[in-house]
file upload-v8.cif (mmCIF, C-alpha atoms)
data_target
loop_
_atom_site.label_atom_id
_atom_site.label_comp_id
_atom_site.auth_asym_id
_atom_site.auth_seq_id
_atom_site.Cartn_x
_atom_site.Cartn_y
_atom_site.Cartn_z
CA MET A 1 107.73 117.04 78.75
CA LEU A 2 108.37 113.28 78.74
CA ASN A 3 105.92 112.80 75.87
CA ASN A 4 108.43 114.31 73.43
CA ILE A 5 111.19 111.74 74.04
CA GLY A 6 111.57 109.56 70.97
CA PRO A 7 113.77 106.54 70.26
CA ALA A 8 116.82 108.73 69.68
CA GLY A 9 116.30 110.46 73.03
CA LEU A 10 116.02 107.14 74.82
CA ILE A 11 119.28 105.97 73.24
CA VAL A 12 121.04 109.16 74.35
CA ILE A 13 119.72 108.71 77.91
CA ALA A 14 120.86 105.06 77.94
CA VAL A 15 124.36 106.02 76.77
CA VAL A 16 124.65 108.76 79.41
CA VAL A 17 123.54 106.37 82.17
CA LEU A 18 125.99 103.74 80.94
CA VAL A 19 128.85 106.25 80.95
CA LEU A 20 127.98 107.61 84.41
CA PHE A 21 127.46 104.32 86.22
CA GLY A 22 129.40 101.79 84.18
CA ARG A 23 128.34 98.42 82.92
CA GLY A 24 129.17 96.56 86.14
CA LYS A 25 126.96 98.66 88.40
CA ILE A 26 124.05 98.61 85.98
CA SER A 27 124.17 94.82 85.58
CA ALA A 28 124.37 94.40 89.36
CA LEU A 29 121.40 96.71 89.80
CA MET A 30 119.35 94.81 87.22
CA GLY A 31 120.24 91.55 88.98
CA GLU A 32 118.93 92.95 92.26
CA VAL A 33 115.75 94.14 90.55
CA GLY A 34 115.24 90.65 89.13
CA LYS A 35 115.74 89.07 92.56
CA GLY A 36 113.23 91.50 94.04
CA ILE A 37 110.61 90.67 91.43
CA THR A 38 111.17 86.94 91.98
CA ALA A 39 110.84 87.33 95.75
CA PHE A 40 107.64 89.36 95.33
CA LYS A 41 106.07 86.73 93.06
CA LYS A 42 107.05 83.96 95.49
CA GLY A 43 105.52 85.92 98.40
CA VAL A 44 102.25 86.42 96.54
CA LYS A 45 102.12 82.73 95.62
CA ASP A 46 102.86 81.64 99.20
CA GLY A 47 100.20 83.98 100.57
CA THR A 48 97.60 82.67 98.14
CA GLU A 49 98.46 79.07 98.99
CA GLU A 50 98.26 79.83 102.72
CA ILE A 51 94.79 81.33 102.35
CA GLU A 52 93.62 78.37 100.26
CA ASP A 53 95.02 75.92 102.84
CA GLN A 54 93.24 77.70 105.70
CA THR A 55 89.96 77.67 103.81
CA ARG A 56 90.39 74.01 102.92
CA ASP A 57 91.24 73.10 106.53
CA LEU A 58 88.08 74.75 107.80
CA GLY A 59 85.98 72.84 105.30
CA GLU A 60 84.10 75.99 104.43
CA THR A 61 83.42 77.49 101.08
CA ALA A 62 82.81 81.12 100.29
CA ARG A 63 79.21 82.06 100.78
CA ASP A 64 77.15 85.17 100.26
CA VAL A 65 76.13 86.73 103.57
CA THR A 66 74.47 89.82 102.08
CA PRO A 67 70.95 90.32 103.47
CA GLU A 68 68.21 89.62 100.93
CA GLU A 69 66.93 93.21 100.91
CA LYS A 70 70.40 94.53 100.05
CA LYS A 71 71.07 92.16 97.15
CA ASP A 72 70.84 93.47 93.60
CA LYS A 73 67.58 92.56 91.96
CA VAL A 74 68.08 91.22 88.44
#

call {"tool": "encode", "arguments": {"input": "upload-v8.cif", "output": "structure tokens"}}
result
Amino acid sequence: MLNNIGPAGLIVIAVVVLVLFGRGKISALMGEVGKGITAFKKGVKDGTEEIEDQTRDLGETARDVTPEEKKDKV
């Protein structure tokens, strides 16, 4: 059903949404979406940095602990 929506259909949907909700509510909603995306990216970055710091503090590097008999033979 959604595969048949072309550019004209998308424009009609956009106009209907704009009329129903108004420009102010839509811009506020998009601002909140942008803040959410920014917060998510910051959280991922902070988590990655925290893991790297913990690994660096321990002085350990990643190592393979797979038993020899279970490793892929190349």

call {"tool": "atom_distance", "arguments": {"input": "upload-v8.cif", "atom1": "atom CA of A:Val44", "atom2": "atom CA of A:Ile26"}}
result
27.1 Å

call {"tool": "atom_distance", "arguments": {"input": "upload-v8.cif", "atom1": "atom CA of A:Ile51", "atom2": "atom CA of A:Lys71"}}
result
26.6 Å

call {"tool": "axis_aligned_box", "arguments": {"input": "upload-v8.cif", "around": "stretch 17-21 of chain A", "padding_each_side": "8 Å", "output": "lines of an AutoDock Vina configuration file"}}
result
center_x = 126.2
center_y = 105.7
center_z = 83.6
size_x = 21.3
size_y = 19.9
size_z = 21.3

call {"tool": "atom_distance", "arguments": {"input": "upload-v8.cif", "atom1": "atom CA of A:Glu68", "atom2": "atom CA of A:Glu52"}}
result
27.8 Å

call {"tool": "decode", "arguments": {"input": "upload-v8.cif", "residues": "chain A", "atoms": "C-alpha atoms", "output": "PDB file, in the first residue's frame"}}
result
ATOM      1  CA  MET A   1       0.000   0.000   0.000  1.00  0.00           C
ATOM      2  CA  LEU A   2       2.737   2.489   0.911  1.00  0.00           C
ATOM      3  CA  ASN A   3       4.740   1.532  -2.181  1.00  0.00           C
ATOM      4  CA  ASN A   4       2.288   3.426  -4.396  1.00  0.00           C
ATOM      5  CA  ILE A   5       2.805   6.841  -2.758  1.00  0.00           C
ATOM      6  CA  GLY A   6       4.637   9.112  -5.162  1.00  0.00           C
ATOM      7  CA  PRO A   7       5.952  12.662  -4.799  1.00  0.00           C
ATOM      8  CA  ALA A   8       2.484  14.138  -5.278  1.00  0.00           C
ATOM      9  CA  GLY A   9       1.085  11.909  -2.532  1.00  0.00           C
ATOM     10  CA  LEU A  10       3.835  12.943  -0.139  1.00  0.00           C
ATOM     11  CA  ILE A  11       3.099  16.614  -0.819  1.00  0.00           C
ATOM     12  CA  VAL A  12      -0.606  16.071  -0.126  1.00  0.00           C
ATOM     13  CA  ILE A  13       0.218  14.280   3.152  1.00  0.00           C
ATOM     14  CA  ALA A  14       2.591  17.098   4.170  1.00  0.00           C
ATOM     15  CA  VAL A  15      -0.071  19.743   3.477  1.00  0.00           C
ATOM     16  CA  VAL A  16      -2.696  17.833   5.473  1.00  0.00           C
ATOM     17  CA  VAL A  17      -0.326  17.439   8.434  1.00  0.00           C
ATOM     18  CA  LEU A  18       0.567  21.130   8.267  1.00  0.00           C
ATOM     19  CA  VAL A  19      -3.101  22.132   8.247  1.00  0.00           C
ATOM     20  CA  LEU A  20      -4.010  19.783  11.117  1.00  0.00           C
ATOM     21  CA  PHE A  21      -1.154  20.592  13.469  1.00  0.00           C
ATOM     22  CA  GLY A  22       0.008  24.032  12.406  1.00  0.00           C
ATOM     23  CA  ARG A  23       3.485  25.284  11.732  1.00  0.00           C
ATOM     24  CA  GLY A  24       4.297  26.050  15.373  1.00  0.00           C
ATOM     25  CA  LYS A  25       3.617  22.559  16.692  1.00  0.00           C
ATOM     26  CA  ILE A  26       5.485  20.890  13.853  1.00  0.00           C
ATOM     27  CA  SER A  27       8.575  23.070  14.310  1.00  0.00           C
ATOM     28  CA  ALA A  28       8.509  22.437  18.064  1.00  0.00           C
ATOM     29  CA  LEU A  29       8.230  18.703  17.451  1.00  0.00           C
ATOM     30  CA  MET A  30      11.152  18.736  15.014  1.00  0.00           C
ATOM     31  CA  GLY A  31      13.204  20.684  17.563  1.00  0.00           C
ATOM     32  CA  GLU A  32      12.515  18.009  20.171  1.00  0.00           C
ATOM     33  CA  VAL A  33      13.456  15.279  17.701  1.00  0.00           C
ATOM     34  CA  GLY A  34      16.732  17.072  17.006  1.00  0.00           C
ATOM     35  CA  LYS A  35      17.478  17.378  20.727  1.00  0.00           C
ATOM     36  CA  GLY A  36      16.758  13.676  21.170  1.00  0.00           C
ATOM     37  CA  ILE A  37      19.125  12.701  18.369  1.00  0.00           C
ATOM     38  CA  THR A  38      21.842  14.952  19.798  1.00  0.00           C
ATOM     39  CA  ALA A  39      21.400  13.465  23.274  1.00  0.00           C
ATOM     40  CA  PHE A  40      21.555   9.935  21.855  1.00  0.00           C
ATOM     41  CA  LYS A  41      24.782  10.643  19.959  1.00  0.00           C
ATOM     42  CA  LYS A  42      26.324  12.227  23.071  1.00  0.00           C
ATOM     43  CA  GLY A  43      25.331   9.187  25.160  1.00  0.00           C
ATOM     44  CA  VAL A  44      26.903   6.780  22.681  1.00  0.00           C
ATOM     45  CA  LYS A  45      30.092   8.853  22.565  1.00  0.00           C
ATOM     46  CA  ASP A  46      30.286   9.060  26.369  1.00  0.00           C
ATOM     47  CA  GLY A  47      29.735   5.313  26.702  1.00  0.00           C
ATOM     48  CA  THR A  48      32.464   4.554  24.181  1.00  0.00           C
ATOM     49  CA  GLU A  49      34.888   6.901  25.931  1.00  0.00           C
ATOM     50  CA  GLU A  50      34.077   5.330  29.314  1.00  0.00           C
ATOM     51  CA  ILE A  51      34.809   1.839  28.007  1.00  0.00           C
ATOM     52  CA  GLU A  52      38.069   3.010  26.430  1.00  0.00           C
ATOM     53  CA  ASP A  53      39.102   4.722  29.687  1.00  0.00           C
ATOM     54  CA  GLN A  54      38.398   1.582  31.719  1.00  0.00           C
ATOM     55  CA  THR A  55      40.417  -0.540  29.320  1.00  0.00           C
ATOM     56  CA  ARG A  56      43.266   1.956  29.338  1.00  0.00           C
ATOM     57  CA  ASP A  57      43.253   2.150  33.148  1.00  0.00           C
ATOM     58  CA  LEU A  58      43.557  -1.612  33.446  1.00  0.00           C
ATOM     59  CA  GLY A  59      46.505  -1.634  31.073  1.00  0.00           C
ATOM     60  CA  GLU A  60      45.033  -4.571  29.226  1.00  0.00           C
ATOM     61  CA  THR A  61      44.440  -5.000  25.563  1.00  0.00           C
ATOM     62  CA  ALA A  62      41.853  -7.182  23.911  1.00  0.00           C
ATOM     63  CA  ARG A  63      43.054 -10.718  23.529  1.00  0.00           C
ATOM     64  CA  ASP A  64      41.680 -13.866  21.991  1.00  0.00           C
ATOM     65  CA  VAL A  65      40.698 -16.398  24.640  1.00  0.00           C
ATOM     66  CA  THR A  66      39.208 -18.956  22.249  1.00  0.00           C
ATOM     67  CA  PRO A  67      40.649 -22.443  22.839  1.00  0.00           C
ATOM     68  CA  GLU A  68      42.966 -23.609  20.062  1.00  0.00           C
ATOM     69  CA  GLU A  69      40.721 -26.508  19.038  1.00  0.00           C
ATOM     70  CA  LYS A  70      37.754 -24.164  18.547  1.00  0.00           C
ATOM     71  CA  LYS A  71      39.564 -21.599  16.396  1.00  0.00           C
ATOM     72  CA  ASP A  72      38.901 -21.521  12.671  1.00  0.00           C
ATOM     73  CA  LYS A  73      41.612 -23.234  10.704  1.00  0.00           C
ATOM     74  CA  VAL A  74      42.716 -21.181   7.700  1.00  0.00           C
TER      75      VAL A  74
END
